[in-house]
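Peer 1: Contents of query.pdb (PDB, C-alpha atoms) are given next:
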ATOM      1  CA  MET A   1      83.324 -42.461  73.730
ATOM      2  CA  SER A   2      80.520 -41.722  71.300
ATOM      3  CA  ALA A   3      82.668 -42.588  68.230
ATOM      4  CA  THR A   4      82.901 -46.268  69.102
ATOM      5  CA  PRO A   5      79.212 -47.160  68.816
ATOM      6  CA  ARG A   6      78.980 -45.110  65.647
ATOM      7  CA  ALA A   7      81.900 -47.070  64.206
ATOM      8  CA  LEU A   8      80.196 -50.339  65.100
ATOM      9  CA  ARG A   9      76.873 -49.392  63.501
ATOM     10  CA  PRO A  10      77.760 -50.655  59.964
ATOM     11  CA  LEU A  11      78.881 -53.966  61.435
ATOM     12  CA  ALA A  12      75.668 -54.275  63.433
ATOM     13  CA  MET A  13      73.604 -53.505  60.349
ATOM     14  CA  ARG A  14      75.458 -56.169  58.343
ATOM     15  CA  LEU A  15      74.852 -58.737  61.081
ATOM     16  CA  LEU A  16      71.197 -57.766  61.186
ATOM     17  CA  ARG A  17      70.832 -58.215  57.427
ATOM     18  CA  ARG A  18      72.773 -61.474  57.161
ATOM     19  CA  VAL A  19      71.744 -63.331  60.313
ATOM     20  CA  ALA A  20      68.869 -61.818  62.223
ATOM     21  CA  ILE A  21      66.422 -61.126  59.373
ATOM     22  CA  PRO A  22      66.818 -64.584  57.688
ATOM     23  CA  GLY A  23      66.662 -66.196  61.123
ATOM     24  CA  VAL A  24      63.409 -64.496  62.030
ATOM     25  CA  ALA A  25      62.008 -65.364  58.614
ATOM     26  CA  CYS A  26      62.922 -69.024  59.171
ATOM     27  CA  LEU A  27      61.282 -69.031  62.586
ATOM     28  CA  LEU A  28      58.132 -67.500  61.107
ATOM     29  CA  VAL A  29      57.961 -70.150  58.397
ATOM     30  CA  LEU A  30      58.620 -73.011  60.816
ATOM     31  CA  GLY A  31      56.146 -71.630  63.299
ATOM     32  CA  ALA A  32      53.482 -71.246  60.661
ATOM     33  CA  GLY A  33      53.929 -74.909  59.772
ATOM     34  CA  ASN A  34      52.588 -75.834  63.184
ATOM     35  CA  TRP A  35      49.471 -73.710  62.771
ATOM     36  CA  TRP A  36      48.521 -74.436  59.166
ATOM     37  CA  PRO A  37      47.171 -77.887  58.300
ATOM     38  CA  SER A  38      49.666 -79.833  56.222
ATOM     39  CA  ALA A  39      48.780 -81.441  52.872
ATOM     40  CA  GLU A  40      48.838 -84.801  54.683
ATOM     41  CA  GLU A  41      45.919 -83.829  56.873
ATOM     42  CA  SER A  42      43.637 -82.215  54.325
ATOM     43  CA  PRO A  43      40.880 -84.376  52.846
ATOM     44  CA  ARG A  44      41.783 -86.143  49.641
ATOM     45  CA  ARG A  45      39.823 -87.346  46.651
ATOM     46  CA  ARG A  46      40.236 -90.954  45.606
ATOM     47  CA  GLU A  47      38.894 -92.125  42.245
ATOM     48  CA  ILE A  48      37.792 -95.690  41.549
ATOM     49  CA  ARG A  49      37.187 -96.514  37.909
ATOM     50  CA  MET A  50      34.683 -99.092  36.765
ATOM     51  CA  ARG A  51      36.426-100.564  33.798
ATOM     52  CA  GLY A  52      36.565-103.959  32.111
ATOM     53  CA  ASN A  53      33.861-105.230  34.471
ATOM     54  CA  SER A  54      36.008-104.606  37.533
ATOM     55  CA  PHE A  55      36.781-101.852  40.030
ATOM     56  CA  ALA A  56      40.196-100.287  39.565
ATOM     57  CA  PRO A  57      41.879-100.197  41.966
ATOM     58  CA  ARG A  58      40.053-103.095  43.554
ATOM     59  CA  GLU A  59      41.229-102.053  47.017
ATOM     60  CA  VAL A  60      41.792 -98.474  48.188
ATOM     61  CA  ARG A  61      42.856 -96.927  51.479
ATOM     62  CA  VAL A  62      41.344 -93.599  52.487
ATOM     63  CA  ALA A  63      40.863 -91.560  55.659
ATOM     64  CA  VAL A  64      37.621 -90.459  57.278
ATOM     65  CA  GLY A  65      36.464 -87.279  55.510
ATOM     66  CA  ASP A  66      38.100 -88.132  52.178
ATOM     67  CA  THR A  67      35.940 -88.271  49.080
ATOM     68  CA  VAL A  68      35.665 -91.560  47.199
ATOM     69  CA  VAL A  69      34.480 -91.118  43.615
ATOM     70  CA  TRP A  70      33.330 -93.950  41.376
ATOM     71  CA  VAL A  71      33.532 -93.236  37.642
ATOM     72  CA  ASN A  72      32.035 -95.593  35.089
ATOM     73  CA  GLY A  73      34.591 -95.967  32.318
ATOM     74  CA  ASP A  74      32.775 -98.927  30.771
ATOM     75  CA  ILE A  75      30.137 -98.954  28.077
ATOM     76  CA  VAL A  76      27.816-101.143  30.134
ATOM     77  CA  ARG A  77      26.086 -99.797  33.235
ATOM     78  CA  HIS A  78      27.479-100.460  36.696
ATOM     79  CA  ASN A  79      26.720 -99.597  40.284
ATOM     80  CA  ALA A  80      28.570 -99.826  43.604
ATOM     81  CA  VAL A  81      26.523-100.846  46.612
ATOM     82  CA  ARG A  82      27.182-101.375  50.300
ATOM     83  CA  ARG A  83      23.911-101.698  52.126
ATOM     84  CA  ASP A  84      23.345 -98.988  54.762
ATOM     85  CA  LEU A  85      26.367 -97.013  53.550
ATOM     86  CA  PHE A  86      26.043 -96.100  49.871
ATOM     87  CA  ASP A  87      24.302 -96.985  46.648
ATOM     88  CA  THR A  88      25.549 -95.226  43.526
ATOM     89  CA  GLY A  89      22.467 -96.194  41.531
ATOM     90  CA  GLU A  90      22.980 -97.309  37.946
ATOM     91  CA  LEU A  91      25.828 -95.309  36.446
ATOM     92  CA  ARG A  92      25.942 -94.991  32.681
ATOM     93  CA  SER A  93      29.216 -94.636  30.832
ATOM     94  CA  GLY A  94      30.990 -91.488  32.023
ATOM     95  CA  GLU A  95      28.729 -90.903  35.037
ATOM     96  CA  ARG A  96      30.152 -90.593  38.560
ATOM     97  CA  PHE A  97      29.130 -90.777  42.208
ATOM     98  CA  ALA A  98      30.853 -89.450  45.328
ATOM     99  CA  TRP A  99      30.791 -90.766  48.894
ATOM    100  CA  VAL A 100      32.503 -89.439  52.022
ATOM    101  CA  PRO A 101      33.212 -92.092  54.681
ATOM    102  CA  ALA A 102      32.346 -91.004  58.221
ATOM    103  CA  ASP A 103      33.666 -94.011  60.163
ATOM    104  CA  THR A 104      36.766 -96.172  60.137
ATOM    105  CA  GLY A 105      36.674 -99.801  59.063
ATOM    106  CA  THR A 106      36.728-102.161  56.101
ATOM    107  CA  VAL A 107      33.988-101.557  53.558
ATOM    108  CA  ARG A 108      33.361-104.362  51.085
ATOM    109  CA  TYR A 109      31.049-103.486  48.249
ATOM    110  CA  GLN A 110      29.941-104.839  44.900
ATOM    111  CA  CYS A 111      28.209-104.088  41.637
ATOM    112  CA  THR A 112      24.812-105.738  42.030
ATOM    113  CA  ILE A 113      24.399-105.856  38.247
ATOM    114  CA  HIS A 114      27.637-107.849  37.880
ATOM    115  CA  SER A 115      27.894-109.848  41.088
ATOM    116  CA  ARG A 116      31.516-110.868  40.445
ATOM    117  CA  MET A 117      32.586-107.232  40.414
ATOM    118  CA  ARG A 118      33.739-106.481  43.968
ATOM    119  CA  GLY A 119      35.889-103.943  45.756
ATOM    120  CA  THR A 120      37.168-102.990  49.205
ATOM    121  CA  ILE A 121      37.746 -99.631  50.879
ATOM    122  CA  GLN A 122      39.927 -99.448  53.992
ATOM    123  CA  VAL A 123      38.899 -96.371  55.963
ATOM    124  CA  THR A 124      41.452 -95.176  58.503
ATOM    125  CA  LYS A 125      41.360 -92.335  61.029
ATOM    126  CA  SER A 126      44.039 -90.309  59.223
ATOM    127  CA  HIS A 127      46.430 -90.640  56.325
TER     128      HIS A 127
ATOM    129  CA  MET B   1      19.045-135.647  30.095
ATOM    130  CA  ASN B   2      16.149-136.771  27.895
ATOM    131  CA  ARG B   3      16.555-137.575  24.187
ATOM    132  CA  ARG B   4      14.669-134.489  22.996
ATOM    133  CA  LEU B   5      16.905-132.187  24.959
ATOM    134  CA  MET B   6      19.970-134.052  23.745
ATOM    135  CA  PHE B   7      18.957-133.765  20.075
ATOM    136  CA  SER B   8      18.084-130.110  20.469
ATOM    137  CA  LEU B   9      21.416-129.314  22.095
ATOM    138  CA  LEU B  10      23.080-131.217  19.248
ATOM    139  CA  GLY B  11      21.124-129.064  16.804
ATOM    140  CA  LEU B  12      22.221-125.873  18.562
ATOM    141  CA  THR B  13      25.822-127.068  18.485
ATOM    142  CA  LEU B  14      25.626-127.757  14.731
ATOM    143  CA  VAL B  15      24.170-124.300  14.073
ATOM    144  CA  LEU B  16      26.912-122.686  16.145
ATOM    145  CA  GLY B  17      29.503-124.832  14.389
ATOM    146  CA  ALA B  18      28.269-123.566  11.025
ATOM    147  CA  CYS B  19      28.450-120.005  12.301
ATOM    148  CA  ARG B  20      31.996-120.538  13.590
ATOM    149  CA  SER B  21      33.019-122.002  10.215
ATOM    150  CA  ARG B  22      31.706-118.860   8.549
ATOM    151  CA  MET B  23      33.769-116.802  10.991
ATOM    152  CA  ALA B  24      36.853-118.823  10.132
ATOM    153  CA  GLU B  25      36.229-118.518   6.393
ATOM    154  CA  SER B  26      35.734-114.754   6.563
ATOM    155  CA  PRO B  27      39.028-112.982   6.095
ATOM    156  CA  ALA B  28      39.312-110.161   8.592
ATOM    157  CA  ALA B  29      40.101-107.620   5.862
ATOM    158  CA  ALA B  30      36.790-108.335   4.127
ATOM    159  CA  LEU B  31      34.773-106.586   6.844
ATOM    160  CA  SER B  32      34.184-102.850   6.560
ATOM    161  CA  ASP B  33      33.267-100.635   9.513
ATOM    162  CA  ALA B  34      29.692-100.593   8.193
ATOM    163  CA  ASN B  35      29.690-104.436   8.201
ATOM    164  CA  ILE B  36      31.099-104.503  11.728
ATOM    165  CA  ALA B  37      28.409-102.085  12.923
ATOM    166  CA  ALA B  38      25.717-104.397  11.537
ATOM    167  CA  ILE B  39      27.324-107.454  13.161
ATOM    168  CA  VAL B  40      27.632-105.713  16.546
ATOM    169  CA  VAL B  41      23.975-104.649  16.550
ATOM    170  CA  GLN B  42      22.826-108.095  15.375
ATOM    171  CA  ALA B  43      24.962-109.941  17.932
ATOM    172  CA  ASN B  44      23.636-107.835  20.803
ATOM    173  CA  THR B  45      20.046-108.094  19.587
ATOM    174  CA  ALA B  46      20.351-111.896  19.467
ATOM    175  CA  ASP B  47      21.329-112.165  23.123
ATOM    176  CA  ILE B  48      18.648-109.654  24.153
ATOM    177  CA  LEU B  49      16.070-111.949  22.491
ATOM    178  CA  TYR B  50      17.455-114.995  24.352
ATOM    179  CA  ALA B  51      17.302-113.037  27.615
ATOM    180  CA  ASP B  52      13.702-111.974  26.947
ATOM    181  CA  LEU B  53      12.810-115.614  26.403
ATOM    182  CA  ALA B  54      14.554-116.653  29.638
ATOM    183  CA  LEU B  55      12.774-113.949  31.612
ATOM    184  CA  ALA B  56       9.457-115.092  30.167
ATOM    185  CA  LYS B  57       9.999-118.819  30.752
ATOM    186  CA  SER B  58      12.403-119.472  33.619
ATOM    187  CA  GLN B  59      11.539-119.394  37.302
ATOM    188  CA  THR B  60      15.115-120.096  38.409
ATOM    189  CA  ALA B  61      16.608-117.112  40.238
ATOM    190  CA  ALA B  62      20.160-117.650  38.906
ATOM    191  CA  VAL B  63      18.932-117.924  35.320
ATOM    192  CA  ARG B  64      16.736-114.839  35.646
ATOM    193  CA  ALA B  65      19.594-112.835  37.218
ATOM    194  CA  PHE B  66      21.918-113.831  34.385
ATOM    195  CA  ALA B  67      19.306-112.948  31.751
ATOM    196  CA  THR B  68      18.636-109.576  33.404
ATOM    197  CA  MET B  69      22.348-108.756  33.415
ATOM    198  CA  THR B  70      23.025-109.814  29.819
ATOM    199  CA  LYS B  71      19.934-107.993  28.533
ATOM    200  CA  ARG B  72      20.947-104.772  30.280
ATOM    201  CA  ASP B  73      24.574-105.001  29.113
ATOM    202  CA  HIS B  74      23.749-105.791  25.490
ATOM    203  CA  GLU B  75      21.206-102.957  25.416
ATOM    204  CA  SER B  76      23.895-100.568  26.677
ATOM    205  CA  VAL B  77      26.335-101.775  24.004
ATOM    206  CA  ASN B  78      23.738-101.392  21.275
ATOM    207  CA  GLU B  79      22.923 -97.858  22.484
ATOM    208  CA  ALA B  80      26.618 -96.955  22.417
ATOM    209  CA  ALA B  81      27.168 -98.592  19.008
ATOM    210  CA  VAL B  82      24.160 -96.876  17.423
ATOM    211  CA  ALA B  83      25.170 -93.509  18.910
ATOM    212  CA  LEU B  84      28.710 -93.947  17.570
ATOM    213  CA  VAL B  85      27.794 -94.951  14.016
ATOM    214  CA  THR B  86      25.195 -92.166  13.898
ATOM    215  CA  ARG B  87      27.835 -89.655  14.933
ATOM    216  CA  LEU B  88      30.328 -91.080  12.439
ATOM    217  CA  GLY B  89      27.731 -91.109   9.676
ATOM    218  CA  VAL B  90      28.210 -94.846   9.104
ATOM    219  CA  THR B  91      25.162 -96.799   7.959
ATOM    220  CA  PRO B  92      25.322-100.433   9.094
ATOM    221  CA  VAL B  93      25.548-102.750   6.084
ATOM    222  CA  ASP B  94      24.419-106.343   6.531
ATOM    223  CA  ASN B  95      26.740-109.079   5.342
ATOM    224  CA  ALA B  96      26.969-112.874   5.443
ATOM    225  CA  LEU B  97      27.951-112.874   9.102
ATOM    226  CA  SER B  98      25.206-110.541  10.321
ATOM    227  CA  PHE B  99      22.644-112.514   8.293
ATOM    228  CA  ASP B 100      23.952-115.747   9.840
ATOM    229  CA  LEU B 101      23.700-114.267  13.325
ATOM    230  CA  ARG B 102      20.135-113.154  12.700
ATOM    231  CA  ASP B 103      19.043-116.491  11.214
ATOM    232  CA  ASP B 104      20.833-118.583  13.847
ATOM    233  CA  ALA B 105      19.358-116.489  16.642
ATOM    234  CA  GLU B 106      15.860-117.049  15.313
ATOM    235  CA  THR B 107      16.446-120.812  14.898
ATOM    236  CA  LYS B 108      17.845-121.141  18.411
ATOM    237  CA  ARG B 109      15.118-118.996  19.914
ATOM    238  CA  LEU B 110      12.440-121.203  18.363
ATOM    239  CA  THR B 111      14.226-124.316  19.644
ATOM    240  CA  LEU B 112      14.574-122.919  23.156
ATOM    241  CA  ARG B 113      10.951-121.832  23.202
ATOM    242  CA  ASP B 114       9.792-125.465  23.192
ATOM    243  CA  PHE B 115      11.588-126.325  26.431
ATOM    244  CA  GLU B 116      10.169-125.978  29.907
ATOM    245  CA  GLY B 117      11.596-125.944  33.435
ATOM    246  CA  PHE B 118      14.984-127.501  33.991
ATOM    247  CA  ALA B 119      15.321-128.475  30.329
ATOM    248  CA  PHE B 120      14.892-124.833  29.325
ATOM    249  CA  ASP B 121      17.366-123.570  31.948
ATOM    250  CA  SER B 122      20.005-126.087  30.819
ATOM    251  CA  ALA B 123      19.525-125.392  27.117
ATOM    252  CA  TYR B 124      19.512-121.624  27.653
ATOM    253  CA  ALA B 125      22.697-121.713  29.775
ATOM    254  CA  ALA B 126      24.474-124.003  27.283
ATOM    255  CA  ASN B 127      23.467-121.696  24.442
ATOM    256  CA  GLU B 128      24.826-118.683  26.346
ATOM    257  CA  VAL B 129      28.211-120.406  26.680
ATOM    258  CA  SER B 130      28.259-121.206  22.948
ATOM    259  CA  TYR B 131      27.017-117.766  21.936
ATOM    260  CA  HIS B 132      29.567-115.855  24.022
ATOM    261  CA  THR B 133      32.403-118.197  22.971
ATOM    262  CA  THR B 134      31.542-117.548  19.320
ATOM    263  CA  LEU B 135      31.158-113.813  19.855
ATOM    264  CA  LEU B 136      34.453-113.516  21.719
ATOM    265  CA  GLY B 137      36.215-115.482  18.976
ATOM    266  CA  ALA B 138      34.671-113.271  16.313
ATOM    267  CA  MET B 139      35.735-110.120  18.161
ATOM    268  CA  ASP B 140      39.329-111.289  18.480
ATOM    269  CA  SER B 141      39.754-112.800  15.025
ATOM    270  CA  ALA B 142      37.626-110.546  12.836
ATOM    271  CA  LEU B 143      35.860-107.538  14.346
ATOM    272  CA  ILE B 144      38.629-105.829  16.336
ATOM    273  CA  PRO B 145      41.398-106.454  13.737
ATOM    274  CA  SER B 146      39.149-105.271  10.887
ATOM    275  CA  ALA B 147      37.873-102.047  12.449
ATOM    276  CA  THR B 148      39.548 -99.126  10.724
ATOM    277  CA  ASN B 149      37.871 -96.298  12.624
ATOM    278  CA  SER B 150      39.702 -95.792  15.933
ATOM    279  CA  GLU B 151      36.510 -95.026  17.883
ATOM    280  CA  LEU B 152      34.778 -98.147  16.593
ATOM    281  CA  ARG B 153      37.830-100.214  17.469
ATOM    282  CA  ALA B 154      37.946 -98.609  20.954
ATOM    283  CA  LEU B 155      34.278 -99.456  21.471
ATOM    284  CA  LEU B 156      34.904-103.104  20.568
ATOM    285  CA  VAL B 157      37.944-103.276  22.840
ATOM    286  CA  ALA B 158      35.940-101.705  25.676
ATOM    287  CA  VAL B 159      33.103-104.181  25.231
ATOM    288  CA  ARG B 160      35.342-107.262  25.167
ATOM    289  CA  PRO B 161      35.761-107.626  28.983
ATOM    290  CA  ALA B 162      31.976-107.582  29.425
ATOM    291  CA  VAL B 163      31.608-110.369  26.847
ATOM    292  CA  ALA B 164      34.373-112.361  28.584
ATOM    293  CA  ALA B 165      32.642-111.811  31.942
ATOM    294  CA  HIS B 166      29.343-113.033  30.476
ATOM    295  CA  LEU B 167      31.086-116.158  29.192
ATOM    296  CA  ALA B 168      32.648-116.894  32.592
ATOM    297  CA  HIS B 169      29.305-116.312  34.292
ATOM    298  CA  ALA B 170      27.482-118.539  31.763
ATOM    299  CA  ARG B 171      29.960-121.366  32.420
ATOM    300  CA  THR B 172      29.335-121.040  36.159
ATOM    301  CA  LEU B 173      25.605-121.118  35.493
ATOM    302  CA  VAL B 174      25.943-124.345  33.477
ATOM    303  CA  SER B 175      27.958-125.943  36.305
ATOM    304  CA  SER B 176      25.501-124.853  38.988
ATOM    305  CA  LEU B 177      22.579-126.246  36.993
ATOM    306  CA  LYS B 178      24.382-129.587  36.549
ATOM    307  CA  ARG B 179      24.773-129.912  40.320
ATOM    308  CA  ARG B 180      21.006-129.765  40.841
TER     309      ARG B 180
END
Re-express the file's structure as structure tokens.
Peer 2:
Amino acid sequence: MSATPRALRPLAMRLLRRVAIPGVACLLVLGAGNWWPSAEESPRRREIRMRGNSFAPREVRVAVGDTVVWVNGDIVRHNAVRRDLFDTGELRSGERFAWVPADTGTVRYQCTIHSRMRGTIQVTKSH
Amino acid sequence: MNRRLMFSLLGLTLVLGACRSRMAESPAAALSDANIAAIVVQANTADILYADLALAKSQTAAVRAFATMTKRDHESVNEAAVALVTRLGVTPVDNALSFDLRDDAETKRLTLRDFEGFAFDSAYAANEVSYHTTLLGAMDSALIPSATNSELRALLVAVRPAVAAHLAHARTLVSSLKRR
């Protein structure tokens, strides 16, 4: 009577190693995915270059909490202004300015030094 | 348009025409980096002087805004150009073209100085169109192709869109003044 379970022990151990342990590991990984924030949800950084007297890209889409960074890649000075929201001030070549949108909506802005230089930021709730 | 304004604009056109002919005569290969540096500084200085005159004489908001923008941009370009040639150890060397630019700028400035009000605004805007057309042509046909130093060439290429934007803006300014 006692020999039978003993004989089955190697088989049980093999099953444990091949099925149960990987299975538990998979469940742990999948479960953790629900608790940890995914890359999709973490704030992102979006760069807008001022180059050739225009904003590039001219239109960007970001989520609330993302960071929008303007970088002046031109030799002449530029700014980016949306009254009541942000004003980068005059940026010299190579200088940058960061802004974090707090609300959703369409933000149209411009360089007040070069009035034809305009851009748009679409701010959404999430990515 | 009164006769005085017409003759003066004709005079400005002839001066610019002479300058353009010089540009066309100058083979691109004849310009050294030191020559180009002198031309760049002289070209920017010329438009800064026109802008100073506009800011001193014009009361028109659109003209003043344009002058403020061009002055600021050309000052930035001159700062960058001087910093670059200083770093490269290049001493700007004047040449026929830079001398022409200097002399033409002084002639035009003296002509513009005699105008007042609308006549000044019109003459200044027309001159800005001519100046930026000539400068853009010179950049494309002589300055950029002749630059041997890669950083100097990159600076010229980077400046070109600003010059093109000034030209487009100057044309709009001329049109808006004509509609008055």
Peer 1: Restricting the calculation to all atoms listed in the file, which member of B:Lys178, B:His166, B:Arg171, B:Arg160 is positioned closest to Gly52 (chain A)?
Peer 2: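 So, comparing all the options, the nearest one is B:Arg160.
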Peer 1: Can you turn the PyMOL selection byres ((chain B) within 12 of (chain A)) into a concrete residue list for this file, as a VMD selection string?
Peer 2: chain B and resid 62 65 to 81 83 to 84 154 to 166 168 to 169 172
Peer 1: Excluding Ser98 (chain B) and residues on its chain fewer than 5 positions from it, collect all residues at most 10 Å away from it, counting all atoms listed in the file, and give them as a VMD selection string.
Peer 2: chain B and resid 35 to 43 93 103 to 104
Peer 1: Have a look at CA of Leu152 (chain B) and CA of Leu101 (chain B) and let me know their distance in Å, one decimal.
Peer 2: 19.8 Å
Peer 1: Mind pulling up the distance from CA of Gly119 (chain A) to CA of Phe55 (chain A)?
Peer 2: 6.2 Å
Peer 1: Using CA of Ser176 (chain B) and CA of Glu90 (chain A) as the two end points, give the distance in Å to one decimal.
Peer 2: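 For CA of Ser176 (chain B) relative to CA of Glu90 (chain A), the distance reads 27.7 Å.
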Peer 1: Evaluating the PyMOL selection byres ((chain A and resi 105) around 6) on the displayed file yields which residues, as a list in words?
Peer 2: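 With the shown file as input, the PyMOL selection byres ((chain A and resi 105) around 6) matches Thr104, Thr106 and Val123 of chain A.
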Peer 1: If the PyMOL selection byres ((chain B and resi 140) around 12) is run on the structure shown, which residues does it catch, given as a PyMOL selection string?
Peer 2: chain B and resi 23-24+28+133-139+141-147+153+156-157+159-161+163-164
Peer 1: As JSON, what would the box around region 70-76 of chain A look like: edges along x, y and z, 4 Å added on every side, centre and edge lengths in Å to one decimal?
Peer 2:
{"center_x": 31.2, "center_y": -97.2, "center_z": 34.7, "size_x": 14.8, "size_y": 15.9, "size_z": 21.3}
Peer 1: (21.3, -118.6, 23.0) in this file's frame - what residues fall within 7 Å of it? Use all atoms listed in the file and give the answer as an mmCIF file with C-alpha atoms, in the coordinates of the input.
Peer 2:
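The result, written out as out_32.cif:
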data_model
loop_
_atom_site.group_PDB
_atom_site.id
_atom_site.type_symbol
_atom_site.label_atom_id
_atom_site.label_comp_id
_atom_site.auth_asym_id
_atom_site.auth_seq_id
_atom_site.Cartn_x
_atom_site.Cartn_y
_atom_site.Cartn_z
ATOM 1 C CA ASP B 47 21.329 -112.165 23.123
ATOM 2 C CA TYR B 50 17.455 -114.995 24.352
ATOM 3 C CA ALA B 105 19.358 -116.489 16.642
ATOM 4 C CA LYS B 108 17.845 -121.141 18.411
ATOM 5 C CA ARG B 109 15.118 -118.996 19.914
ATOM 6 C CA TYR B 124 19.512 -121.624 27.653
ATOM 7 C CA ASN B 127 23.467 -121.696 24.442
ATOM 8 C CA GLU B 128 24.826 -118.683 26.346
ATOM 9 C CA TYR B 131 27.017 -117.766 21.936
#
Peer 1: Would you kindly return, as a list in words, each protein, DNA or RNA residue with an atom no farther than 7 Å from any atom of Trp99 (chain A), considering only C-alpha atoms and excluding same-chain residues fewer than 4 positions away?
Peer 2: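 Result of the neighbour search: Thr67, Val68 and Val69 of chain A.
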Peer 1: Hey, what's within 8 Å of Thr120 (chain A) if we count only C-alpha atoms and toss same-chain stuff fewer than 5 positions away? As a list in words, please?
Peer 2: Arg58, Glu59, Val60, Thr106, Val107, Arg108 and Tyr109 of chain A
Peer 1: Residues as selected, C-alpha atoms, written as a PDB file, keeping the file's coordinate frame, can you do that?
Peer 2:
ATOM      1  CA  ARG A  58      40.053-103.095  43.554  1.00  0.00           C
ATOM      2  CA  GLU A  59      41.229-102.053  47.017  1.00  0.00           C
ATOM      3  CA  VAL A  60      41.792 -98.474  48.188  1.00  0.00           C
ATOM      4  CA  THR A 106      36.728-102.161  56.101  1.00  0.00           C
ATOM      5  CA  VAL A 107      33.988-101.557  53.558  1.00  0.00           C
ATOM      6  CA  ARG A 108      33.361-104.362  51.085  1.00  0.00           C
ATOM      7  CA  TYR A 109      31.049-103.486  48.249  1.00  0.00           C
TER       8      TYR A 109
END
Peer 1: Name the closest residue to Pro101 (chain A) among the candidates A:Leu85, A:Ser42, A:Arg18, A:Arg49; distances are taken between atoms, counting only C-alpha atoms.
Peer 2: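 Answer, going by the shortest atom-to-atom distance: A:Leu85.
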Peer 1: Take the point (12.2, -120.4, 25.8) as written in the file and pick out every residue within 9 Å of it, counting all atoms listed in the file; give the list as a ChimeraX atom specification.
Peer 2: /B:50,52-58,109-116,120-121,123-124
Peer 1: If we count only C-alpha atoms, what is near Ala98 (chain A) at a cut-off of 10 Å, once residues fewer than 4 positions away on the same chain are taken out, given as a PyMOL selection string?
Peer 2: chain A and resi 45-47+67-71+86+88
Peer 1: Please write the residues from the selection above to a file, keeping C-alpha atoms, as a tab-separated table (two decimals), in the coordinates of the input.
Peer 2:
chain	number	residue	atom	x	y	z
A	45	ARG	CA	39.82	-87.35	46.65
A	46	ARG	CA	40.24	-90.95	45.61
A	47	GLU	CA	38.89	-92.12	42.24
A	67	THR	CA	35.94	-88.27	49.08
A	68	VAL	CA	35.66	-91.56	47.20
A	69	VAL	CA	34.48	-91.12	43.62
A	70	TRP	CA	33.33	-93.95	41.38
A	71	VAL	CA	33.53	-93.24	37.64
A	86	PHE	CA	26.04	-96.10	49.87
A	88	THR	CA	25.55	-95.23	43.53
Peer 1: Of the residues B:Ser150, B:Thr60, B:Ser175, B:Asn95, which is the one nearest to Gly117 (chain B), using only C-alpha atoms?
Peer 2: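 Looking only at the distances to Gly117 (chain B), the closest residue turns out to be B:Thr60.
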Peer 1: N, CA and C atoms are needed for region 103-114 of chain B; please write them out as an mmCIF file, keeping the file's coordinate frame.
Peer 2:
data_model
loop_
_atom_site.group_PDB
_atom_site.id
_atom_site.type_symbol
_atom_site.label_atom_id
_atom_site.label_comp_id
_atom_site.auth_asym_id
_atom_site.auth_seq_id
_atom_site.Cartn_x
_atom_site.Cartn_y
_atom_site.Cartn_z
ATOM 1 N N ASP B 103 19.750 -115.238 11.493
ATOM 2 C CA ASP B 103 19.043 -116.491 11.214
ATOM 3 C C ASP B 103 19.271 -117.521 12.316
ATOM 4 N N ASP B 104 20.524 -117.623 12.780
ATOM 5 C CA ASP B 104 20.833 -118.583 13.847
ATOM 6 C C ASP B 104 20.085 -118.232 15.120
ATOM 7 N N ALA B 105 20.040 -116.935 15.418
ATOM 8 C CA ALA B 105 19.358 -116.489 16.642
ATOM 9 C C ALA B 105 17.889 -116.876 16.594
ATOM 10 N N GLU B 106 17.279 -116.718 15.444
ATOM 11 C CA GLU B 106 15.860 -117.049 15.313
ATOM 12 C C GLU B 106 15.649 -118.560 15.446
ATOM 13 N N THR B 107 16.542 -119.341 14.810
ATOM 14 C CA THR B 107 16.446 -120.812 14.898
ATOM 15 C C THR B 107 16.583 -121.266 16.348
ATOM 16 N N LYS B 108 17.591 -120.724 17.021
ATOM 17 C CA LYS B 108 17.845 -121.141 18.411
ATOM 18 C C LYS B 108 16.714 -120.704 19.333
ATOM 19 N N ARG B 109 16.207 -119.520 19.075
ATOM 20 C CA ARG B 109 15.118 -118.996 19.914
ATOM 21 C C ARG B 109 13.884 -119.892 19.797
ATOM 22 N N LEU B 110 13.600 -120.328 18.574
ATOM 23 C CA LEU B 110 12.440 -121.203 18.363
ATOM 24 C C LEU B 110 12.656 -122.562 19.029
ATOM 25 N N THR B 111 13.913 -123.035 18.994
ATOM 26 C CA THR B 111 14.226 -124.316 19.644
ATOM 27 C C THR B 111 14.067 -124.188 21.160
ATOM 28 N N LEU B 112 14.636 -123.126 21.700
ATOM 29 C CA LEU B 112 14.574 -122.919 23.156
ATOM 30 C C LEU B 112 13.131 -122.750 23.644
ATOM 31 N N ARG B 113 12.334 -122.138 22.819
ATOM 32 C CA ARG B 113 10.951 -121.832 23.202
ATOM 33 C C ARG B 113 10.144 -123.091 23.558
ATOM 34 N N ASP B 114 10.535 -124.219 22.962
ATOM 35 C CA ASP B 114 9.792 -125.465 23.192
ATOM 36 C C ASP B 114 10.139 -126.140 24.518
#
